[in-house]
Amino acid sequence: QLQLVESGGGLVQSGGSLRLSCVTSGFTLDYYTIHWFRQAPGKEREGVSCFSSRSRTTSYADAVKGRFTISRDTAKKTVYLEMNSLKPEDAGIYYCALKWELTVQPTCDIQAHMDYWGKGTPVTVSS
């Protein structure tokens with residue numbers, strides 16, 4: 001059974017940093033994109049970043065470009081989201097999600113429809 005388990009959320013001051021982790025398990029297919037989404041209270045869920053296992057490319061939402069970095073440790077089957085220079089508007093529940101990548105794409109789409117979701121980890125940024 002495929003599972004995505006997030007961790008690393010917490011409370012941080014504005015300007016601070018956090019590293020979120022998403023441990024993946026239960027699959028062997030290597031053609032997928034792994035994503036981070038977030039949802040703030042009262043707002044719709046939005047795509048933050050993604051990584052393509054086929055093209056080895058990444059994509060970011062404009063709001064986080066230059067501050068967030070997505071990476072993957074294949075041996076640990078873990079995907080990370082390094083978040084720096086955090087702002088109060090970055091607060092929310094952060095979700096890890098996976099989409100099978102059946103065809104080669106030039107890059108991943110941060111707003112694509114996902115096949116699997118984790119349960120999320122909360123991030124709070126105090127001003």
# chains A, B, ... in the order shown; residues from 1 in each chain; ligands from 1
$ residues_around --residues "Ser7 (chain A)" --least-positions-apart "6" --cutoff "12 Å" --atoms "only C-alpha atoms" --output "PyMOL selection string"
chain A and resi 18-24+78-81+93-96+118-123
$ write_last_selection --atoms "all heavy atoms" --output "compact mmCIF listing (two decimals), in the first residue's frame"
# COMPACT_ATOMS: atom_id res chain seq x y z
N LEU A 18 12.47 26.03 7.97
CA LEU A 18 12.02 24.69 8.33
C LEU A 18 12.34 23.75 7.18
O LEU A 18 12.38 24.18 6.02
CB LEU A 18 10.50 24.67 8.57
CG LEU A 18 9.94 25.16 9.90
CD1 LEU A 18 8.42 25.14 9.85
CD2 LEU A 18 10.46 24.34 11.06
N ARG A 19 12.53 22.49 7.52
CA ARG A 19 12.67 21.48 6.48
C ARG A 19 11.60 20.41 6.70
O ARG A 19 11.58 19.73 7.73
CB ARG A 19 14.05 20.82 6.49
CG ARG A 19 14.26 19.90 5.29
CD ARG A 19 15.63 19.28 5.23
NE ARG A 19 15.79 18.20 6.19
CZ ARG A 19 16.74 17.28 6.10
NH1 ARG A 19 17.61 17.32 5.10
NH2 ARG A 19 16.85 16.33 7.02
N LEU A 20 10.74 20.29 5.71
CA LEU A 20 9.71 19.26 5.75
C LEU A 20 10.23 17.99 5.08
O LEU A 20 11.00 18.06 4.12
CB LEU A 20 8.45 19.74 5.03
CG LEU A 20 7.85 21.07 5.51
CD1 LEU A 20 6.57 21.36 4.74
CD2 LEU A 20 7.62 21.07 7.00
N SER A 21 9.78 16.86 5.60
CA SER A 21 10.15 15.57 5.02
C SER A 21 8.90 14.81 4.63
O SER A 21 7.87 14.91 5.30
CB SER A 21 10.95 14.73 6.03
OG SER A 21 12.13 15.39 6.41
N CYS A 22 9.01 14.04 3.58
CA CYS A 22 7.93 13.16 3.14
C CYS A 22 8.55 11.79 2.87
O CYS A 22 9.27 11.62 1.88
CB CYS A 22 7.26 13.71 1.88
SG CYS A 22 6.04 12.59 1.15
N VAL A 23 8.27 10.85 3.75
CA VAL A 23 8.77 9.48 3.57
C VAL A 23 7.78 8.70 2.74
O VAL A 23 6.59 8.65 3.06
CB VAL A 23 8.99 8.80 4.93
CG1 VAL A 23 9.47 7.37 4.72
CG2 VAL A 23 10.00 9.57 5.77
N THR A 24 8.27 8.11 1.66
CA THR A 24 7.41 7.36 0.75
C THR A 24 7.64 5.87 0.92
O THR A 24 8.74 5.42 1.23
CB THR A 24 7.68 7.76 -0.71
OG1 THR A 24 8.98 7.29 -1.08
CG2 THR A 24 7.62 9.27 -0.88
N THR A 78 12.83 9.50 0.55
CA THR A 78 12.30 10.69 1.22
C THR A 78 12.45 11.90 0.32
O THR A 78 13.47 12.07 -0.36
CB THR A 78 13.04 10.92 2.55
OG1 THR A 78 12.88 9.78 3.38
CG2 THR A 78 12.50 12.15 3.26
N VAL A 79 11.44 12.73 0.33
CA VAL A 79 11.46 13.99 -0.39
C VAL A 79 11.41 15.11 0.64
O VAL A 79 10.68 15.02 1.64
CB VAL A 79 10.26 14.11 -1.35
CG1 VAL A 79 10.24 15.47 -2.03
CG2 VAL A 79 10.33 13.01 -2.40
N TYR A 80 12.21 16.13 0.41
CA TYR A 80 12.31 17.23 1.35
C TYR A 80 11.80 18.52 0.73
O TYR A 80 11.87 18.71 -0.49
CB TYR A 80 13.75 17.43 1.79
CG TYR A 80 14.37 16.21 2.41
CD1 TYR A 80 15.19 15.37 1.67
CD2 TYR A 80 14.14 15.90 3.76
CE1 TYR A 80 15.76 14.25 2.25
CE2 TYR A 80 14.71 14.78 4.34
CZ TYR A 80 15.52 13.95 3.57
OH TYR A 80 16.08 12.84 4.14
N LEU A 81 11.33 19.41 1.59
CA LEU A 81 11.04 20.78 1.18
C LEU A 81 11.76 21.68 2.16
O LEU A 81 11.34 21.80 3.32
CB LEU A 81 9.55 21.07 1.16
CG LEU A 81 9.18 22.45 0.62
CD1 LEU A 81 9.50 22.55 -0.87
CD2 LEU A 81 7.71 22.77 0.86
N ILE A 93 -1.30 24.00 6.34
CA ILE A 93 -1.01 22.57 6.37
C ILE A 93 -0.29 22.23 5.07
O ILE A 93 -0.78 22.55 3.98
CB ILE A 93 -2.29 21.72 6.48
CG1 ILE A 93 -3.12 22.16 7.67
CG2 ILE A 93 -1.92 20.24 6.57
CD1 ILE A 93 -2.45 21.95 9.00
N TYR A 94 0.85 21.61 5.17
CA TYR A 94 1.64 21.22 4.00
C TYR A 94 1.45 19.73 3.74
O TYR A 94 1.63 18.91 4.66
CB TYR A 94 3.11 21.55 4.22
CG TYR A 94 3.42 23.00 3.97
CD1 TYR A 94 2.98 23.98 4.86
CD2 TYR A 94 4.14 23.41 2.84
CE1 TYR A 94 3.24 25.33 4.62
CE2 TYR A 94 4.41 24.75 2.61
CZ TYR A 94 3.95 25.69 3.50
OH TYR A 94 4.21 27.02 3.26
N TYR A 95 1.09 19.43 2.51
CA TYR A 95 0.81 18.07 2.11
C TYR A 95 1.81 17.59 1.06
O TYR A 95 2.14 18.33 0.13
CB TYR A 95 -0.59 17.96 1.50
CG TYR A 95 -1.71 18.33 2.43
CD1 TYR A 95 -2.19 19.64 2.49
CD2 TYR A 95 -2.30 17.37 3.25
CE1 TYR A 95 -3.22 19.98 3.35
CE2 TYR A 95 -3.34 17.71 4.10
CZ TYR A 95 -3.80 19.02 4.15
OH TYR A 95 -4.82 19.35 4.98
N CYS A 96 2.20 16.36 1.22
CA CYS A 96 3.00 15.68 0.21
C CYS A 96 2.03 14.88 -0.67
O CYS A 96 1.06 14.29 -0.15
CB CYS A 96 4.00 14.76 0.90
SG CYS A 96 5.04 13.79 -0.18
N GLY A 118 -0.59 12.56 1.34
CA GLY A 118 -0.29 12.35 2.74
C GLY A 118 -1.31 13.09 3.58
O GLY A 118 -2.21 13.74 3.06
N LYS A 119 -1.15 12.98 4.90
CA LYS A 119 -2.11 13.59 5.81
C LYS A 119 -1.75 15.02 6.19
O LYS A 119 -2.55 15.73 6.79
CB LYS A 119 -2.26 12.73 7.07
CG LYS A 119 -2.87 11.37 6.78
CD LYS A 119 -3.07 10.57 8.04
CE LYS A 119 -3.72 9.22 7.73
NZ LYS A 119 -3.93 8.40 8.94
N GLY A 120 -0.55 15.44 5.88
CA GLY A 120 -0.16 16.82 6.10
C GLY A 120 0.60 17.07 7.38
O GLY A 120 0.54 16.28 8.33
N THR A 121 1.34 18.17 7.39
CA THR A 121 2.05 18.62 8.58
C THR A 121 1.86 20.13 8.68
O THR A 121 1.97 20.84 7.68
CB THR A 121 3.54 18.23 8.51
OG1 THR A 121 4.19 18.58 9.73
CG2 THR A 121 4.26 18.91 7.35
N PRO A 122 1.55 20.64 9.87
CA PRO A 122 1.23 22.07 10.00
C PRO A 122 2.47 22.94 10.13
O PRO A 122 3.44 22.59 10.80
CB PRO A 122 0.40 22.12 11.27
CG PRO A 122 0.91 20.98 12.09
CD PRO A 122 1.31 19.91 11.13
N VAL A 123 2.41 24.09 9.50
CA VAL A 123 3.46 25.09 9.59
C VAL A 123 2.83 26.40 10.07
O VAL A 123 1.86 26.87 9.47
CB VAL A 123 4.15 25.30 8.23
CG1 VAL A 123 5.10 26.50 8.30
CG2 VAL A 123 4.89 24.04 7.81
$ residues_around --residues "Val125 (chain A)" --least-positions-apart "5" --cutoff "8 Å" --atoms "only C-alpha atoms" --output "PDB file with C-alpha atoms, in the first residue's frame"
ATOM      1  CA  LEU A  11       6.187  26.983  14.747  1.00  0.00           C
ATOM      2  CA  VAL A  12       8.851  29.331  13.407  1.00  0.00           C
ATOM      3  CA  GLN A  13       9.408  33.067  13.495  1.00  0.00           C
ATOM      4  CA  SER A  14       9.131  35.140  10.371  1.00  0.00           C
ATOM      5  CA  LEU A  86       9.511  32.125   5.903  1.00  0.00           C
ATOM      6  CA  LYS A  87       6.692  34.639   5.921  1.00  0.00           C
ATOM      7  CA  PRO A  88       3.384  34.594   7.815  1.00  0.00           C
ATOM      8  CA  GLU A  89       1.611  33.940   4.511  1.00  0.00           C
ATOM      9  CA  ASP A  90       3.540  30.656   4.194  1.00  0.00           C
ATOM     10  CA  ALA A  91       1.610  29.216   7.137  1.00  0.00           C
TER      11      ALA A  91
END
$ select_by_dssp --residues "region 53-119 of chain A" --states "strand (DSSP E)" --output "list of chain:residue names"
A:Thr58, A:Ser59, A:Tyr60, A:Phe68, A:Thr69, A:Ile70, A:Ser71, A:Arg72, A:Asp73, A:Thr78, A:Val79, A:Tyr80, A:Leu81, A:Glu82, A:Met83, A:Gly92, A:Ile93, A:Tyr94, A:Tyr95, A:Cys96, A:Ala97, A:Leu98, A:Lys99, A:Trp100, A:Tyr116, A:Trp117
$ write_last_selection --atoms "C-alpha atoms" --output "mmCIF file, in the first residue's frame"
data_model
loop_
_atom_site.group_PDB
_atom_site.id
_atom_site.type_symbol
_atom_site.label_atom_id
_atom_site.label_comp_id
_atom_site.auth_asym_id
_atom_site.auth_seq_id
_atom_site.Cartn_x
_atom_site.Cartn_y
_atom_site.Cartn_z
ATOM 1 C CA THR A 58 11.591 20.887 -10.391
ATOM 2 C CA SER A 59 8.910 23.547 -10.424
ATOM 3 C CA TYR A 60 7.922 26.159 -7.880
ATOM 4 C CA PHE A 68 11.969 26.977 -1.059
ATOM 5 C CA THR A 69 13.893 24.002 -2.435
ATOM 6 C CA ILE A 70 12.541 20.542 -3.152
ATOM 7 C CA SER A 71 14.922 17.593 -3.151
ATOM 8 C CA ARG A 72 14.881 13.817 -3.041
ATOM 9 C CA ASP A 73 17.005 11.247 -1.245
ATOM 10 C CA THR A 78 12.304 10.686 1.216
ATOM 11 C CA VAL A 79 11.455 13.992 -0.388
ATOM 12 C CA TYR A 80 12.308 17.227 1.352
ATOM 13 C CA LEU A 81 11.043 20.775 1.177
ATOM 14 C CA GLU A 82 13.598 23.221 2.514
ATOM 15 C CA MET A 83 11.830 26.459 3.401
ATOM 16 C CA GLY A 92 -0.781 26.336 6.587
ATOM 17 C CA ILE A 93 -1.009 22.574 6.371
ATOM 18 C CA TYR A 94 1.637 21.225 4.003
ATOM 19 C CA TYR A 95 0.807 18.070 2.105
ATOM 20 C CA CYS A 96 2.999 15.682 0.207
ATOM 21 C CA ALA A 97 1.394 14.135 -2.863
ATOM 22 C CA LEU A 98 2.351 11.799 -5.691
ATOM 23 C CA LYS A 99 1.257 11.489 -9.309
ATOM 24 C CA TRP A 100 2.241 8.708 -11.661
ATOM 25 C CA TYR A 116 -2.004 9.895 -3.635
ATOM 26 C CA TRP A 117 -1.899 12.254 -0.661
#
$ atom_distance --atom1 "CA of Asn84 (chain A)" --atom2 "CA of Leu4 (chain A)"
23.0 Å
$ closest_residue --among "A:Asp109, A:Asp115, A:Asp62, A:Glu6" --to "Cys50 (chain A)" --atoms "only C-alpha atoms"
A:Asp109
$ residues_around --residues "Gly47 (chain A)" --least-positions-apart "2" --cutoff "8 Å" --atoms "only C-alpha atoms" --output "PyMOL selection string"
chain A and resi 35-38+45+49+61+110-111
$ atom_distance --atom1 "CA of Asp30 (chain A)" --atom2 "CA of Ser53 (chain A)"
6.7 Å
$ residues_around --residues "Phe27 (chain A)" --least-positions-apart "2" --cutoff "8 Å" --atoms "only C-alpha atoms" --output "count of residues only"
4
$ closest_residue --among "A:Gly66, A:Val48, A:Lys77, A:Ser55" --to "Val5 (chain A)" --atoms "only C-alpha atoms"
A:Lys77
$ atom_distance --atom1 "CA of Lys65 (chain A)" --atom2 "CA of Thr33 (chain A)"
18.5 Å
$ decode --residues "region 27-124 of chain A" --atoms "C-alpha atoms" --output "short mmCIF file (atom, residue, chain, number, x, y, z; two decimals), in the first residue's frame"
data_model
loop_
_atom_site.label_atom_id
_atom_site.label_comp_id
_atom_site.auth_asym_id
_atom_site.auth_seq_id
_atom_site.Cartn_x
_atom_site.Cartn_y
_atom_site.Cartn_z
CA PHE A 27 5.71 1.41 -4.53
CA THR A 28 8.53 0.54 -6.89
CA LEU A 29 7.57 2.30 -10.10
CA ASP A 30 10.10 5.01 -10.78
CA TYR A 31 7.96 7.18 -13.04
CA TYR A 32 6.26 9.70 -10.83
CA THR A 33 6.19 13.32 -9.77
CA ILE A 34 6.24 14.17 -6.09
CA HIS A 35 4.61 17.38 -4.93
CA TRP A 36 4.16 19.70 -2.00
CA PHE A 37 0.87 21.51 -1.58
CA ARG A 38 -0.29 23.80 1.20
CA GLN A 39 -3.60 25.00 2.51
CA ALA A 40 -4.08 27.99 4.76
CA PRO A 41 -7.24 28.39 6.87
CA GLY A 42 -10.11 29.59 4.74
CA LYS A 43 -8.14 29.27 1.52
CA GLU A 44 -7.96 26.75 -1.26
CA ARG A 45 -5.15 24.24 -1.42
CA GLU A 46 -2.34 25.43 -3.68
CA GLY A 47 0.62 23.77 -5.31
CA VAL A 48 3.98 24.81 -3.89
CA SER A 49 6.60 22.68 -5.61
CA CYS A 50 7.17 19.44 -7.46
CA PHE A 51 9.93 17.10 -8.61
CA SER A 52 9.85 14.80 -11.63
CA SER A 53 11.61 11.47 -11.29
CA ARG A 54 11.84 11.08 -15.07
CA SER A 55 13.08 14.48 -16.16
CA ARG A 56 14.78 15.30 -12.84
CA THR A 57 13.25 18.75 -13.05
CA THR A 58 11.59 20.89 -10.39
CA SER A 59 8.91 23.55 -10.42
CA TYR A 60 7.92 26.16 -7.88
CA ALA A 61 5.05 28.51 -7.25
CA ASP A 62 6.02 32.13 -7.85
CA ALA A 63 5.36 32.92 -4.18
CA VAL A 64 8.13 30.58 -3.01
CA LYS A 65 10.72 30.80 -5.79
CA GLY A 66 14.15 31.55 -4.40
CA ARG A 67 13.10 30.62 -0.87
CA PHE A 68 11.97 26.98 -1.06
CA THR A 69 13.89 24.00 -2.44
CA ILE A 70 12.54 20.54 -3.15
CA SER A 71 14.92 17.59 -3.15
CA ARG A 72 14.88 13.82 -3.04
CA ASP A 73 17.00 11.25 -1.24
CA THR A 74 16.46 8.07 -3.24
CA ALA A 75 18.18 5.81 -0.72
CA LYS A 76 15.94 7.09 2.09
CA LYS A 77 12.86 7.23 -0.16
CA THR A 78 12.30 10.69 1.22
CA VAL A 79 11.46 13.99 -0.39
CA TYR A 80 12.31 17.23 1.35
CA LEU A 81 11.04 20.78 1.18
CA GLU A 82 13.60 23.22 2.51
CA MET A 83 11.83 26.46 3.40
CA ASN A 84 13.84 29.60 4.09
CA SER A 85 12.94 33.23 4.78
CA LEU A 86 9.51 32.12 5.90
CA LYS A 87 6.69 34.64 5.92
CA PRO A 88 3.38 34.59 7.81
CA GLU A 89 1.61 33.94 4.51
CA ASP A 90 3.54 30.66 4.19
CA ALA A 91 1.61 29.22 7.14
CA GLY A 92 -0.78 26.34 6.59
CA ILE A 93 -1.01 22.57 6.37
CA TYR A 94 1.64 21.22 4.00
CA TYR A 95 0.81 18.07 2.11
CA CYS A 96 3.00 15.68 0.21
CA ALA A 97 1.39 14.13 -2.86
CA LEU A 98 2.35 11.80 -5.69
CA LYS A 99 1.26 11.49 -9.31
CA TRP A 100 2.24 8.71 -11.66
CA GLU A 101 4.12 10.15 -14.62
CA LEU A 102 3.05 7.90 -17.47
CA THR A 103 4.52 10.07 -20.22
CA VAL A 104 7.64 12.17 -20.27
CA GLN A 105 6.91 15.82 -19.60
CA PRO A 106 9.40 18.71 -19.83
CA THR A 107 8.63 19.60 -16.24
CA CYS A 108 6.09 18.83 -13.55
CA ASP A 109 2.91 20.84 -13.06
CA ILE A 110 2.54 22.04 -9.48
CA GLN A 111 -1.25 22.16 -9.82
CA ALA A 112 -1.73 18.75 -11.44
CA HIS A 113 -4.29 16.25 -10.19
CA MET A 114 -2.67 13.90 -7.67
CA ASP A 115 -3.05 10.14 -7.28
CA TYR A 116 -2.00 9.89 -3.63
CA TRP A 117 -1.90 12.25 -0.66
CA GLY A 118 -0.29 12.35 2.74
CA LYS A 119 -2.11 13.59 5.81
CA GLY A 120 -0.16 16.82 6.10
CA THR A 121 2.05 18.62 8.58
CA PRO A 122 1.23 22.07 10.00
CA VAL A 123 3.46 25.09 9.59
CA THR A 124 2.92 28.22 11.66
#
